[in-house]
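Engineer: My structure is stored as run-v3.cif, with mmCIF, C-alpha atoms.
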```
data_model
#
loop_
_atom_site.label_atom_id
_atom_site.label_comp_id
_atom_site.auth_asym_id
_atom_site.auth_seq_id
_atom_site.Cartn_x
_atom_site.Cartn_y
_atom_site.Cartn_z
CA MET A 1 153.70 17.09 87.46
CA LYS A 2 150.96 18.94 85.69
CA GLY A 3 150.21 22.30 87.30
CA LEU A 4 146.89 23.97 87.90
CA TYR A 5 147.49 26.31 85.01
CA ASP A 6 148.03 25.56 81.35
CA ASN A 7 151.00 27.85 81.18
CA GLU A 8 152.76 30.35 83.39
CA MET A 9 155.72 32.69 83.50
CA LYS A 10 157.53 34.85 86.03
CA LEU A 11 159.42 38.04 85.44
CA GLU A 12 161.49 40.14 87.85
CA PHE A 13 163.16 43.42 87.04
CA SER A 14 164.55 46.54 88.70
CA SER A 15 162.17 49.36 89.51
CA LYS A 16 163.35 51.63 86.73
CA THR A 17 160.90 53.43 84.49
CA CYS A 18 162.91 52.41 81.42
CA ASN A 19 161.77 48.80 82.09
CA GLU A 20 158.10 49.65 81.54
CA ALA A 21 158.22 49.06 77.80
CA PHE A 22 160.06 45.77 78.33
CA ALA A 23 157.46 44.59 80.88
CA ARG A 24 154.41 45.24 78.73
CA ILE A 25 155.98 43.82 75.58
CA ALA A 26 157.07 40.66 77.43
CA VAL A 27 153.55 40.11 78.83
CA ALA A 28 152.01 40.80 75.43
CA ALA A 29 154.34 38.26 73.82
CA PHE A 30 153.36 35.67 76.44
CA VAL A 31 149.64 36.34 76.00
CA SER A 32 149.87 36.16 72.21
CA GLN A 33 149.74 32.33 72.39
CA LEU A 34 146.02 32.70 73.18
CA ASP A 35 145.61 34.36 69.80
CA PRO A 36 144.17 37.65 71.06
CA THR A 37 143.01 40.49 68.82
CA ILE A 38 145.23 43.56 68.56
CA ASP A 39 142.65 45.38 70.71
CA GLU A 40 142.77 42.80 73.48
CA LEU A 41 146.56 42.84 73.36
CA SER A 42 146.63 46.64 73.63
CA ASP A 43 144.21 46.51 76.58
CA ILE A 44 146.59 44.18 78.40
CA LYS A 45 149.64 46.25 77.49
CA THR A 46 147.99 49.42 78.82
CA ALA A 47 146.92 47.77 82.09
CA VAL A 48 150.37 46.25 82.67
CA SER A 49 152.00 49.59 81.96
CA GLU A 50 149.77 51.31 84.53
CA ALA A 51 150.41 48.71 87.24
CA VAL A 52 154.18 48.68 86.68
CA THR A 53 154.29 52.49 86.73
CA ASN A 54 152.41 52.49 90.03
CA SER A 55 154.86 50.02 91.57
CA ILE A 56 157.88 52.00 90.43
CA ILE A 57 156.86 55.57 91.23
CA HIS A 58 154.46 55.02 94.13
CA GLY A 59 155.54 51.69 95.67
CA TYR A 60 159.26 52.28 95.52
CA ASP A 61 159.17 56.06 95.24
CA ASP A 62 161.93 55.90 92.61
CA GLU A 63 164.20 53.93 94.94
CA ASN A 64 165.78 50.62 94.02
CA GLY A 65 163.59 47.56 94.26
CA ILE A 66 162.29 44.59 92.35
CA VAL A 67 158.98 44.49 90.50
CA LYS A 68 157.57 41.02 89.93
CA ILE A 69 155.17 39.94 87.22
CA GLU A 70 153.51 36.55 87.18
CA ALA A 71 151.31 35.68 84.24
CA LYS A 72 149.21 32.56 84.10
CA ILE A 73 147.03 31.12 81.40
CA TYR A 74 144.08 28.94 82.23
CA ILE A 75 142.14 27.75 79.17
CA ASP A 76 141.20 31.11 77.59
CA THR A 77 141.80 33.40 80.56
CA VAL A 78 144.99 35.22 81.36
CA GLN A 79 145.78 36.23 84.91
CA ILE A 80 148.49 38.80 85.51
CA GLU A 81 149.88 39.50 88.97
CA ILE A 82 152.11 42.52 89.43
CA SER A 83 153.67 42.86 92.86
CA ASP A 84 156.25 44.97 94.63
CA ASN A 85 157.77 45.12 98.10
CA GLY A 86 157.38 48.85 98.35
CA LYS A 87 155.68 51.05 100.89
CA GLY A 88 152.13 49.84 100.24
CA ILE A 89 148.87 51.75 99.87
CA GLU A 90 147.17 53.20 102.97
CA ASP A 91 143.65 53.32 101.60
CA VAL A 92 143.16 51.10 98.56
CA GLU A 93 139.59 52.27 97.95
CA MET A 94 140.71 55.88 97.92
CA ALA A 95 143.64 55.10 95.60
CA MET A 96 141.31 53.42 93.13
CA LYS A 97 139.05 56.45 92.80
CA PRO A 98 139.27 58.16 89.41
CA LEU A 99 141.42 61.29 89.40
CA TYR A 100 142.84 60.61 92.87
CA THR A 101 146.60 60.92 92.90
CA SER A 102 149.14 61.22 95.68
CA LYS A 103 151.66 62.72 93.28
CA PRO A 104 150.10 65.67 91.42
CA ASP A 105 153.54 67.29 91.26
CA LEU A 106 154.68 64.52 88.90
CA GLU A 107 151.73 65.34 86.63
CA ARG A 108 150.14 62.00 87.44
CA SER A 109 146.50 62.04 86.42
CA GLY A 110 145.11 59.54 88.94
CA MET A 111 143.63 57.42 86.18
CA GLY A 112 145.86 54.35 86.53
CA PHE A 113 143.49 52.07 88.45
CA THR A 114 140.47 53.32 86.50
CA ILE A 115 142.16 52.37 83.24
CA MET A 116 143.13 48.95 84.62
CA GLU A 117 139.52 48.41 85.74
CA SER A 118 137.99 49.34 82.42
CA PHE A 119 140.51 47.55 80.18
CA MET A 120 140.58 44.27 82.12
CA ASP A 121 137.69 42.03 83.20
CA GLU A 122 138.63 41.77 86.84
CA ILE A 123 141.05 43.50 89.17
CA LYS A 124 142.00 42.81 92.77
CA VAL A 125 144.35 44.94 94.81
CA GLU A 126 146.00 43.74 98.00
CA SER A 127 148.26 46.00 99.96
CA ALA A 128 150.02 46.08 103.31
CA ILE A 129 151.82 49.15 104.57
CA GLY A 130 155.56 48.59 104.61
CA PHE A 131 155.27 45.24 102.86
CA GLY A 132 154.11 46.07 99.38
CA THR A 133 151.25 45.86 96.95
CA LYS A 134 149.93 43.15 94.70
CA VAL A 135 147.64 43.84 91.76
CA CYS A 136 145.91 40.84 90.25
CA MET A 137 144.13 41.26 86.92
CA LYS A 138 142.23 38.85 84.76
CA LYS A 139 141.10 39.00 81.19
CA LYS A 140 139.27 36.47 79.08
CA ILE A 141 140.52 36.25 75.52
CA SER A 142 137.60 35.63 73.20
CA PRO A 143 137.93 32.48 71.12
CA LYS A 144 138.05 33.17 67.39
CA THR A 145 137.53 31.24 64.23
CA GLU A 146 139.98 31.56 61.37
CA GLU A 147 137.51 33.74 59.44
CA GLU A 148 137.12 36.18 62.31
CA ASN A 149 140.88 36.40 62.54
CA VAL A 150 141.18 37.43 58.92
CA GLU A 151 138.29 39.88 59.34
CA ASN A 152 139.94 41.47 62.37
CA ASP A 153 143.24 41.76 60.59
CA ILE A 154 141.62 43.47 57.62
CA LYS A 155 139.77 45.82 59.97
CA ASN A 156 142.98 46.72 61.76
CA VAL A 157 144.81 47.39 58.53
CA LEU A 158 141.95 49.58 57.28
CA GLU A 159 141.86 51.52 60.53
CA ALA A 160 145.60 52.08 60.45
CA MET B 1 146.70 31.58 56.45
CA SER B 2 147.97 28.96 58.85
CA LYS B 3 147.34 29.33 62.56
CA SER B 4 150.98 29.48 63.56
CA SER B 5 151.86 32.14 61.03
CA ASN B 6 148.88 34.12 62.23
CA LYS B 7 150.24 34.07 65.78
CA THR B 8 153.67 35.11 64.62
CA THR B 9 152.14 38.06 62.78
CA LYS B 10 150.34 39.16 65.97
CA LEU B 11 153.50 38.82 68.03
CA LEU B 12 155.35 40.89 65.50
CA MET B 13 152.61 43.50 65.54
CA ALA B 14 152.79 43.59 69.34
CA ILE B 15 156.45 44.50 69.23
CA TYR B 16 156.15 46.42 65.99
CA GLY B 17 156.07 49.78 67.71
CA LYS B 18 159.44 49.09 69.28
CA ILE B 19 161.01 47.73 66.11
CA ASN B 20 159.64 50.61 64.10
CA TYR B 21 161.32 53.04 66.46
CA ASN B 22 164.57 51.11 66.47
CA ILE B 23 164.76 51.10 62.69
CA TYR B 24 164.02 54.79 62.74
CA SER B 25 166.80 55.49 65.21
CA LEU B 26 169.22 53.40 63.17
CA PHE B 27 168.68 55.47 60.07
CA PHE B 28 168.46 58.86 61.66
CA CYS B 29 170.89 58.27 64.53
CA ALA B 30 168.35 59.88 66.83
CA LYS B 31 168.38 57.51 69.73
CA GLU B 32 167.35 60.11 72.29
CA GLU B 33 164.70 61.66 70.05
CA LYS B 34 161.23 60.84 71.41
CA MET B 35 159.52 63.43 69.31
CA ILE B 36 159.97 65.81 66.43
CA SER B 37 158.86 69.40 66.72
CA GLU B 38 158.26 71.72 63.82
CA TYR B 39 157.84 75.44 64.20
CA SER B 40 156.50 77.68 61.49
CA LYS B 41 157.37 81.34 61.94
CA GLU B 42 154.60 82.93 59.83
CA ASN B 43 151.68 81.73 61.90
CA ARG B 44 153.62 81.00 65.08
CA LYS B 45 152.51 77.41 65.09
CA LEU B 46 154.35 74.59 66.84
CA ILE B 47 153.61 71.04 65.71
CA ILE B 48 154.82 68.25 67.96
CA ARG B 49 155.02 64.74 66.53
CA VAL B 50 155.49 62.06 69.16
CA THR B 51 157.47 59.13 67.80
CA GLU B 52 157.69 56.74 70.74
CA GLU B 53 155.08 55.04 72.90
CA ILE B 54 154.23 57.29 75.84
CA ASP B 55 154.76 55.86 79.31
CA GLN B 56 156.13 57.39 82.50
CA HIS B 57 159.69 57.06 81.21
CA THR B 58 159.27 58.69 77.81
CA ALA B 59 156.72 61.23 79.10
CA ASP B 60 159.41 62.81 81.29
CA LYS B 61 161.75 63.25 78.34
CA ILE B 62 159.05 64.54 76.00
CA ARG B 63 157.87 66.99 78.66
CA ARG B 64 161.30 68.53 79.10
CA LYS B 65 161.81 68.93 75.36
CA ILE B 66 158.39 70.47 74.71
CA ASP B 67 158.59 72.88 77.64
CA ASN B 68 161.91 74.04 76.26
CA ASP B 69 160.42 74.55 72.77
CA ILE B 70 157.37 76.39 74.10
CA GLU B 71 159.58 78.69 76.15
CA ILE B 72 161.80 79.48 73.18
CA TYR B 73 159.05 80.16 70.62
CA SER B 74 156.03 81.07 72.82
CA PRO B 75 153.76 79.86 69.99
CA LYS B 76 150.22 81.03 69.26
CA LYS B 77 149.12 77.52 68.49
CA VAL B 78 150.45 74.15 69.62
CA ILE B 79 149.38 70.96 67.85
CA PHE B 80 150.10 67.56 69.34
CA ASP B 81 150.26 64.91 66.61
CA PHE B 82 149.87 61.30 67.80
CA SER B 83 150.00 59.72 64.34
CA GLY B 84 153.45 58.26 65.01
CA ILE B 85 152.41 56.06 67.91
CA GLU B 86 149.93 53.26 68.62
CA PHE B 87 150.23 53.08 72.38
CA MET B 88 150.09 55.40 75.36
CA ASP B 89 149.17 55.00 79.01
CA SER B 90 147.84 57.42 81.61
CA SER B 91 151.17 59.27 81.83
CA ALA B 92 150.17 60.93 78.57
CA ILE B 93 147.11 62.52 80.24
CA GLY B 94 149.21 64.41 82.76
CA MET B 95 151.75 65.34 80.13
CA VAL B 96 149.14 66.72 77.72
CA LEU B 97 147.23 68.58 80.46
CA GLY B 98 150.42 70.13 81.79
CA ARG B 99 151.39 71.42 78.34
CA PHE B 100 147.83 72.65 77.78
CA LYS B 101 148.00 74.75 80.95
CA LEU B 102 151.37 76.18 79.98
CA VAL B 103 150.21 77.12 76.46
CA LYS B 104 146.97 78.67 77.78
CA MET B 105 148.94 80.68 80.30
CA LEU B 106 150.99 82.10 77.44
CA GLY B 107 147.77 82.92 75.61
CA GLY B 108 147.96 80.26 72.90
CA ASN B 109 145.68 77.57 71.47
CA PHE B 110 146.12 73.87 72.00
CA GLU B 111 145.00 70.96 69.86
CA ILE B 112 145.43 67.19 69.70
CA ILE B 113 145.26 65.36 66.38
CA ASN B 114 145.43 61.81 65.00
CA VAL B 115 144.52 59.82 68.11
CA ASN B 116 143.41 56.22 67.66
CA LYS B 117 140.35 54.60 69.25
CA ARG B 118 142.18 53.50 72.40
CA MET B 119 143.84 56.86 73.01
CA LYS B 120 140.47 58.56 72.47
CA LYS B 121 138.97 56.27 75.11
CA ILE B 122 141.69 57.15 77.61
CA PHE B 123 141.27 60.88 76.91
CA ASP B 124 137.47 60.55 77.23
CA MET B 125 137.69 58.66 80.53
CA SER B 126 139.92 61.26 82.12
CA GLY B 127 137.85 64.20 80.85
CA VAL B 128 140.71 65.59 78.75
CA SER B 129 138.50 65.62 75.64
CA ARG B 130 136.09 67.99 77.39
CA ILE B 131 138.83 70.57 77.87
CA ILE B 132 141.06 70.10 74.85
CA THR B 133 140.01 70.03 71.20
CA ILE B 134 140.70 66.65 69.62
CA LYS B 135 140.70 66.68 65.82
CA GLU B 136 141.14 64.04 63.16
CA ASP B 137 143.92 65.74 61.29
CA ILE B 138 145.41 69.16 60.60
CA ASP B 139 142.62 71.44 59.43
CA LYS B 140 143.60 72.34 55.85
CA GLU B 141 140.99 75.08 55.45
CA GLU B 142 141.95 76.71 58.68
CA GLU B 143 145.57 76.56 57.66
CA GLU B 144 144.85 78.36 54.40
CA ASN B 145 142.84 81.02 56.17
CA GLU B 146 145.67 81.59 58.57
CA GLY B 147 147.98 81.98 55.60
CA ILE B 148 145.82 84.79 54.17
CA ILE B 149 145.69 86.64 57.46
#
```
Transcribe the structure of this file into structure tokens.

Structural biologist:
Amino acid sequence: MKGLYDNEMKLEFSSKTCNEAFARIAVAAFVSQLDPTIDELSDIKTAVSEAVTNSIIHGYDDENGIVKIEAKIYIDTVQIEISDNGKGIEDVEMAMKPLYTSKPDLERSGMGFTIMESFMDEIKVESAIGFGTKVCMKKKISPKTEEENVENDIKNVLEA
Amino acid sequence: MSKSSNKTTKLLMAIYGKINYNIYSLFFCAKEEKMISEYSKENRKLIIRVTEEIDQHTADKIRRKIDNDIEIYSPKKVIFDFSGIEFMDSSAIGMVLGRFKLVKMLGGNFEIINVNKRMKKIFDMSGVSRIITIKEDIDKEEEENEGII
């Protein structure tokens, strides 16, 4: 049976900070089939990294748990859902304010949600106390012609 | 360039950072090394080169190492060099700000160099760039002047 989405994947891993790199690289590899630019790919990697960090250090408070990532592709849009069954967020609006952090002792800057908002097209946060948090992000990958691809690659090499 | 080979290139570039680091650790047997620090005695300058993508996990390790170095040398100037990495998330903001405070408390100067466009954006958003000097590269002229003094 053909699903609603063109392609999808699910990923579950332990809430350990050492899995952050794995999570963002796995999502980036999945998204790469849409032929994104390096910039778009880095945007997604940064946003995923922020959301996963939040789940691990805020949701689970460094205790054992499972972080879930679901990524779906629909035509040229990628939707990434990152959820945990942690303690949940009391006041989502407050948590999404720039520079607000509940853990200043860990040198957290409170910029996680702000970065997700500015690097992705759309973000939705659902949270229930004691049940967990779900962050749903969307980003449209701009379609590119072969020429643009080559141009972008040259630009990236020059910048590097 | 065919379309499929193009995609493969991108995929490789996405995981390049990781591979790059792994190759590095193979040759130098420095698996736990997230950064290299250089200290020059004459002008009491500590240069920190980060070599792995900064996230919450690596930030903790880098933090411990740098704090140790700063305590040992109590440098007059600390330079954070980001040329070795392509990616960082918001954990880097807290890490950099924390080190900045520590260095200032000890009466030193603090500088960030070689950040790419994305890192600059993150530092701008969080207001770090208003507090800390961000430069393109090590200031050669300044370095020479320091040598004379």

Engineer: Using all atoms listed in the file, tabulate the residues of chain A lying at most 8 Å from any atom of chain B, each with its closest atom pair and that distance in Å to one decimal, by chain and increasing residue number, as JSON lines.

Structural biologist:
```
{"residue": "A:Thr17", "atom": "CA", "partner": "B:His57", "partner_atom": "CA", "distance": 5.0}
{"residue": "A:Cys18", "atom": "CA", "partner": "B:His57", "partner_atom": "CA", "distance": 5.7}
{"residue": "A:Glu20", "atom": "CA", "partner": "B:Asp55", "partner_atom": "CA", "distance": 7.4}
{"residue": "A:Ala21", "atom": "CA", "partner": "B:Asp55", "partner_atom": "CA", "distance": 7.8}
{"residue": "A:Ile25", "atom": "CA", "partner": "B:Ile15", "partner_atom": "CA", "distance": 6.4}
{"residue": "A:Ala28", "atom": "CA", "partner": "B:Ala14", "partner_atom": "CA", "distance": 6.7}
{"residue": "A:Ala29", "atom": "CA", "partner": "B:Leu11", "partner_atom": "CA", "distance": 5.9}
{"residue": "A:Ser32", "atom": "CA", "partner": "B:Leu11", "partner_atom": "CA", "distance": 6.1}
{"residue": "A:Gln33", "atom": "CA", "partner": "B:Lys7", "partner_atom": "CA", "distance": 6.9}
{"residue": "A:Asp35", "atom": "CA", "partner": "B:Lys7", "partner_atom": "CA", "distance": 6.1}
{"residue": "A:Thr37", "atom": "CA", "partner": "B:Lys10", "partner_atom": "CA", "distance": 8.0}
{"residue": "A:Ile38", "atom": "CA", "partner": "B:Lys10", "partner_atom": "CA", "distance": 7.2}
{"residue": "A:Leu41", "atom": "CA", "partner": "B:Ala14", "partner_atom": "CA", "distance": 7.5}
{"residue": "A:Ser42", "atom": "CA", "partner": "B:Phe87", "partner_atom": "CA", "distance": 7.5}
{"residue": "A:Thr46", "atom": "CA", "partner": "B:Asp89", "partner_atom": "CA", "distance": 5.7}
{"residue": "A:Ser49", "atom": "CA", "partner": "B:Asp89", "partner_atom": "CA", "distance": 6.8}
{"residue": "A:Glu50", "atom": "CA", "partner": "B:Asp89", "partner_atom": "CA", "distance": 6.7}
{"residue": "A:Thr53", "atom": "CA", "partner": "B:Gln56", "partner_atom": "CA", "distance": 6.7}
{"residue": "A:Pro98", "atom": "CA", "partner": "B:Ser126", "partner_atom": "CA", "distance": 7.9}
{"residue": "A:Leu99", "atom": "CA", "partner": "B:Ser126", "partner_atom": "CA", "distance": 7.4}
{"residue": "A:Glu107", "atom": "CA", "partner": "B:Gly94", "partner_atom": "CA", "distance": 4.7}
{"residue": "A:Arg108", "atom": "CA", "partner": "B:Gly94", "partner_atom": "CA", "distance": 5.3}
{"residue": "A:Ser109", "atom": "CA", "partner": "B:Gly94", "partner_atom": "CA", "distance": 5.1}
{"residue": "A:Met111", "atom": "CA", "partner": "B:Ser90", "partner_atom": "CA", "distance": 6.2}
{"residue": "A:Gly112", "atom": "CA", "partner": "B:Ser90", "partner_atom": "CA", "distance": 6.1}
{"residue": "A:Ile115", "atom": "CA", "partner": "B:Ile122", "partner_atom": "CA", "distance": 7.4}
{"residue": "A:Glu146", "atom": "CA", "partner": "B:Lys3", "partner_atom": "CA", "distance": 7.8}
```

Engineer: Save the residues we just selected, C-alpha atoms, as a JSON list (two decimals), in the coordinates of the input?

Structural biologist:
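Result file out.json:
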```
[["chain", "number", "residue", "atom", "x", "y", "z"],
["A", 17, "THR", "CA", 160.90, 53.43, 84.49],
["A", 18, "CYS", "CA", 162.91, 52.41, 81.42],
["A", 20, "GLU", "CA", 158.10, 49.65, 81.54],
["A", 21, "ALA", "CA", 158.22, 49.06, 77.80],
["A", 25, "ILE", "CA", 155.98, 43.82, 75.58],
["A", 28, "ALA", "CA", 152.01, 40.80, 75.43],
["A", 29, "ALA", "CA", 154.34, 38.26, 73.82],
["A", 32, "SER", "CA", 149.87, 36.16, 72.21],
["A", 33, "GLN", "CA", 149.74, 32.33, 72.39],
["A", 35, "ASP", "CA", 145.61, 34.36, 69.80],
["A", 37, "THR", "CA", 143.01, 40.49, 68.82],
["A", 38, "ILE", "CA", 145.23, 43.56, 68.56],
["A", 41, "LEU", "CA", 146.56, 42.84, 73.36],
["A", 42, "SER", "CA", 146.63, 46.64, 73.63],
["A", 46, "THR", "CA", 147.99, 49.42, 78.82],
["A", 49, "SER", "CA", 152.00, 49.59, 81.96],
["A", 50, "GLU", "CA", 149.77, 51.31, 84.53],
["A", 53, "THR", "CA", 154.29, 52.49, 86.73],
["A", 98, "PRO", "CA", 139.27, 58.16, 89.41],
["A", 99, "LEU", "CA", 141.42, 61.29, 89.40],
["A", 107, "GLU", "CA", 151.73, 65.34, 86.63],
["A", 108, "ARG", "CA", 150.14, 62.00, 87.44],
["A", 109, "SER", "CA", 146.50, 62.04, 86.42],
["A", 111, "MET", "CA", 143.63, 57.42, 86.18],
["A", 112, "GLY", "CA", 145.86, 54.35, 86.53],
["A", 115, "ILE", "CA", 142.16, 52.37, 83.24],
["A", 146, "GLU", "CA", 139.98, 31.56, 61.37]]
```

Engineer: Leaving out B:Asp81 and any residue of its chain fewer than 6 positions from it, which residues lie within 8 Å of it when counting all atoms listed in the file, given as a ChimeraX atom specification?

Structural biologist: /B:47-50,112-115

Engineer: Give as a PDB file with C-alpha atoms, keeping the file's coordinate frame the set of residues within 9 Å of the point (145.5, 43.9, 81.2), where distances use the file's coordinates and all atoms listed in the file.

Structural biologist:
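Final output, part39.pdb:
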```
ATOM      1  CA  GLU A  40     142.770  42.800  73.480  1.00  0.00           C
ATOM      2  CA  LEU A  41     146.560  42.840  73.360  1.00  0.00           C
ATOM      3  CA  SER A  42     146.630  46.640  73.630  1.00  0.00           C
ATOM      4  CA  ASP A  43     144.210  46.510  76.580  1.00  0.00           C
ATOM      5  CA  ILE A  44     146.590  44.180  78.400  1.00  0.00           C
ATOM      6  CA  LYS A  45     149.640  46.250  77.490  1.00  0.00           C
ATOM      7  CA  THR A  46     147.990  49.420  78.820  1.00  0.00           C
ATOM      8  CA  ALA A  47     146.920  47.770  82.090  1.00  0.00           C
ATOM      9  CA  VAL A  48     150.370  46.250  82.670  1.00  0.00           C
ATOM     10  CA  SER A  49     152.000  49.590  81.960  1.00  0.00           C
ATOM     11  CA  VAL A  78     144.990  35.220  81.360  1.00  0.00           C
ATOM     12  CA  GLN A  79     145.780  36.230  84.910  1.00  0.00           C
ATOM     13  CA  ILE A  80     148.490  38.800  85.510  1.00  0.00           C
ATOM     14  CA  MET A 116     143.130  48.950  84.620  1.00  0.00           C
ATOM     15  CA  GLU A 117     139.520  48.410  85.740  1.00  0.00           C
ATOM     16  CA  PHE A 119     140.510  47.550  80.180  1.00  0.00           C
ATOM     17  CA  MET A 120     140.580  44.270  82.120  1.00  0.00           C
ATOM     18  CA  ASP A 121     137.690  42.030  83.200  1.00  0.00           C
ATOM     19  CA  MET A 137     144.130  41.260  86.920  1.00  0.00           C
ATOM     20  CA  LYS A 138     142.230  38.850  84.760  1.00  0.00           C
ATOM     21  CA  LYS A 139     141.100  39.000  81.190  1.00  0.00           C
TER      22      LYS A 139
END
```

Engineer: Where does the PyMOL selection byres ((chain A and resi 132) around 10) land in this file, that is, which residues does it pick, as a ChimeraX atom specification?

Structural biologist: /A:55,59-60,83-89,126-131,133-134

Engineer: Identify all residues satisfying the PyMOL selection byres ((chain A and resi 2-11) around 12) in the given file; provide them as JSON, numbers by chain.

Structural biologist: {"A": [1, 12, 13, 14, 19, 22, 23, 24, 25, 26, 27, 29, 30, 31, 33, 34, 52, 66, 67, 68, 69, 70, 71, 72, 73, 74, 75, 76, 77, 78, 79, 80, 81, 82, 83, 84]}

Engineer: Those same residues, written as a PDB file, keeping the file's coordinate frame with C-alpha atoms?

Structural biologist:
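After the write, again21.pdb holds the following:
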```pdb
ATOM      1  CA  MET A   1     153.700  17.090  87.460  1.00  0.00           C
ATOM      2  CA  GLU A  12     161.490  40.140  87.850  1.00  0.00           C
ATOM      3  CA  PHE A  13     163.160  43.420  87.040  1.00  0.00           C
ATOM      4  CA  SER A  14     164.550  46.540  88.700  1.00  0.00           C
ATOM      5  CA  ASN A  19     161.770  48.800  82.090  1.00  0.00           C
ATOM      6  CA  PHE A  22     160.060  45.770  78.330  1.00  0.00           C
ATOM      7  CA  ALA A  23     157.460  44.590  80.880  1.00  0.00           C
ATOM      8  CA  ARG A  24     154.410  45.240  78.730  1.00  0.00           C
ATOM      9  CA  ILE A  25     155.980  43.820  75.580  1.00  0.00           C
ATOM     10  CA  ALA A  26     157.070  40.660  77.430  1.00  0.00           C
ATOM     11  CA  VAL A  27     153.550  40.110  78.830  1.00  0.00           C
ATOM     12  CA  ALA A  29     154.340  38.260  73.820  1.00  0.00           C
ATOM     13  CA  PHE A  30     153.360  35.670  76.440  1.00  0.00           C
ATOM     14  CA  VAL A  31     149.640  36.340  76.000  1.00  0.00           C
ATOM     15  CA  GLN A  33     149.740  32.330  72.390  1.00  0.00           C
ATOM     16  CA  LEU A  34     146.020  32.700  73.180  1.00  0.00           C
ATOM     17  CA  VAL A  52     154.180  48.680  86.680  1.00  0.00           C
ATOM     18  CA  ILE A  66     162.290  44.590  92.350  1.00  0.00           C
ATOM     19  CA  VAL A  67     158.980  44.490  90.500  1.00  0.00           C
ATOM     20  CA  LYS A  68     157.570  41.020  89.930  1.00  0.00           C
ATOM     21  CA  ILE A  69     155.170  39.940  87.220  1.00  0.00           C
ATOM     22  CA  GLU A  70     153.510  36.550  87.180  1.00  0.00           C
ATOM     23  CA  ALA A  71     151.310  35.680  84.240  1.00  0.00           C
ATOM     24  CA  LYS A  72     149.210  32.560  84.100  1.00  0.00           C
ATOM     25  CA  ILE A  73     147.030  31.120  81.400  1.00  0.00           C
ATOM     26  CA  TYR A  74     144.080  28.940  82.230  1.00  0.00           C
ATOM     27  CA  ILE A  75     142.140  27.750  79.170  1.00  0.00           C
ATOM     28  CA  ASP A  76     141.200  31.110  77.590  1.00  0.00           C
ATOM     29  CA  THR A  77     141.800  33.400  80.560  1.00  0.00           C
ATOM     30  CA  VAL A  78     144.990  35.220  81.360  1.00  0.00           C
ATOM     31  CA  GLN A  79     145.780  36.230  84.910  1.00  0.00           C
ATOM     32  CA  ILE A  80     148.490  38.800  85.510  1.00  0.00           C
ATOM     33  CA  GLU A  81     149.880  39.500  88.970  1.00  0.00           C
ATOM     34  CA  ILE A  82     152.110  42.520  89.430  1.00  0.00           C
ATOM     35  CA  SER A  83     153.670  42.860  92.860  1.00  0.00           C
ATOM     36  CA  ASP A  84     156.250  44.970  94.630  1.00  0.00           C
TER      37      ASP A  84
END
```

Engineer: Using the chain letters and numbering of this document, enumerate as a list in words the residues selected by the PyMOL selection byres ((chain B and resi 67) around 12).

Structural biologist: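 With the PyMOL selection byres ((chain B and resi 67) around 12) on this model, the match is Ser37, Leu46, Ile48, Ala59, Asp60, Lys61, Ile62, Arg63, Arg64, Lys65, Ile66, Asn68, Asp69, Ile70, Glu71, Ile72, Tyr73, Ser74, Pro75, Val78, Met95, Val96, Gly98, Arg99, Phe100, Lys101, Leu102, Val103 and Leu106 of chain B.
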
Engineer: If you keep C-alpha atoms, can you produce a file of those selected residues as a CSV table (one decimal), in the frame of the given file?

Structural biologist:
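Output saved as selection-v8.csv:
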```
chain,number,residue,atom,x,y,z
B,37,SER,CA,158.9,69.4,66.7
B,46,LEU,CA,154.4,74.6,66.8
B,48,ILE,CA,154.8,68.2,68.0
B,59,ALA,CA,156.7,61.2,79.1
B,60,ASP,CA,159.4,62.8,81.3
B,61,LYS,CA,161.8,63.2,78.3
B,62,ILE,CA,159.0,64.5,76.0
B,63,ARG,CA,157.9,67.0,78.7
B,64,ARG,CA,161.3,68.5,79.1
B,65,LYS,CA,161.8,68.9,75.4
B,66,ILE,CA,158.4,70.5,74.7
B,68,ASN,CA,161.9,74.0,76.3
B,69,ASP,CA,160.4,74.6,72.8
B,70,ILE,CA,157.4,76.4,74.1
B,71,GLU,CA,159.6,78.7,76.2
B,72,ILE,CA,161.8,79.5,73.2
B,73,TYR,CA,159.0,80.2,70.6
B,74,SER,CA,156.0,81.1,72.8
B,75,PRO,CA,153.8,79.9,70.0
B,78,VAL,CA,150.4,74.2,69.6
B,95,MET,CA,151.8,65.3,80.1
B,96,VAL,CA,149.1,66.7,77.7
B,98,GLY,CA,150.4,70.1,81.8
B,99,ARG,CA,151.4,71.4,78.3
B,100,PHE,CA,147.8,72.6,77.8
B,101,LYS,CA,148.0,74.8,81.0
B,102,LEU,CA,151.4,76.2,80.0
B,103,VAL,CA,150.2,77.1,76.5
B,106,LEU,CA,151.0,82.1,77.4
```

Engineer: Considering all atoms listed in the file, return as a PyMOL selection string whatever protein or nucleic-acid residues lie within 8 Å of B:Asn109, sequence-local ones (same chain, fewer than 2 positions apart) excluded.

Structural biologist: chain B and resi 76-78+103-104+107+111

Engineer: What does the distance between atom CA of B:Glu38 and atom CA of B:Ile79 come to in Å, to one decimal place?

Structural biologist: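 Atom CA of B:Ile79 lies at a distance of 9.8 Å from atom CA of B:Glu38.
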
Engineer: To one decimal in Å, tell me the separation between atom CA of A:Asp91 and atom CA of A:Phe113.

Structural biologist: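 A separation of 13.2 Å between them.
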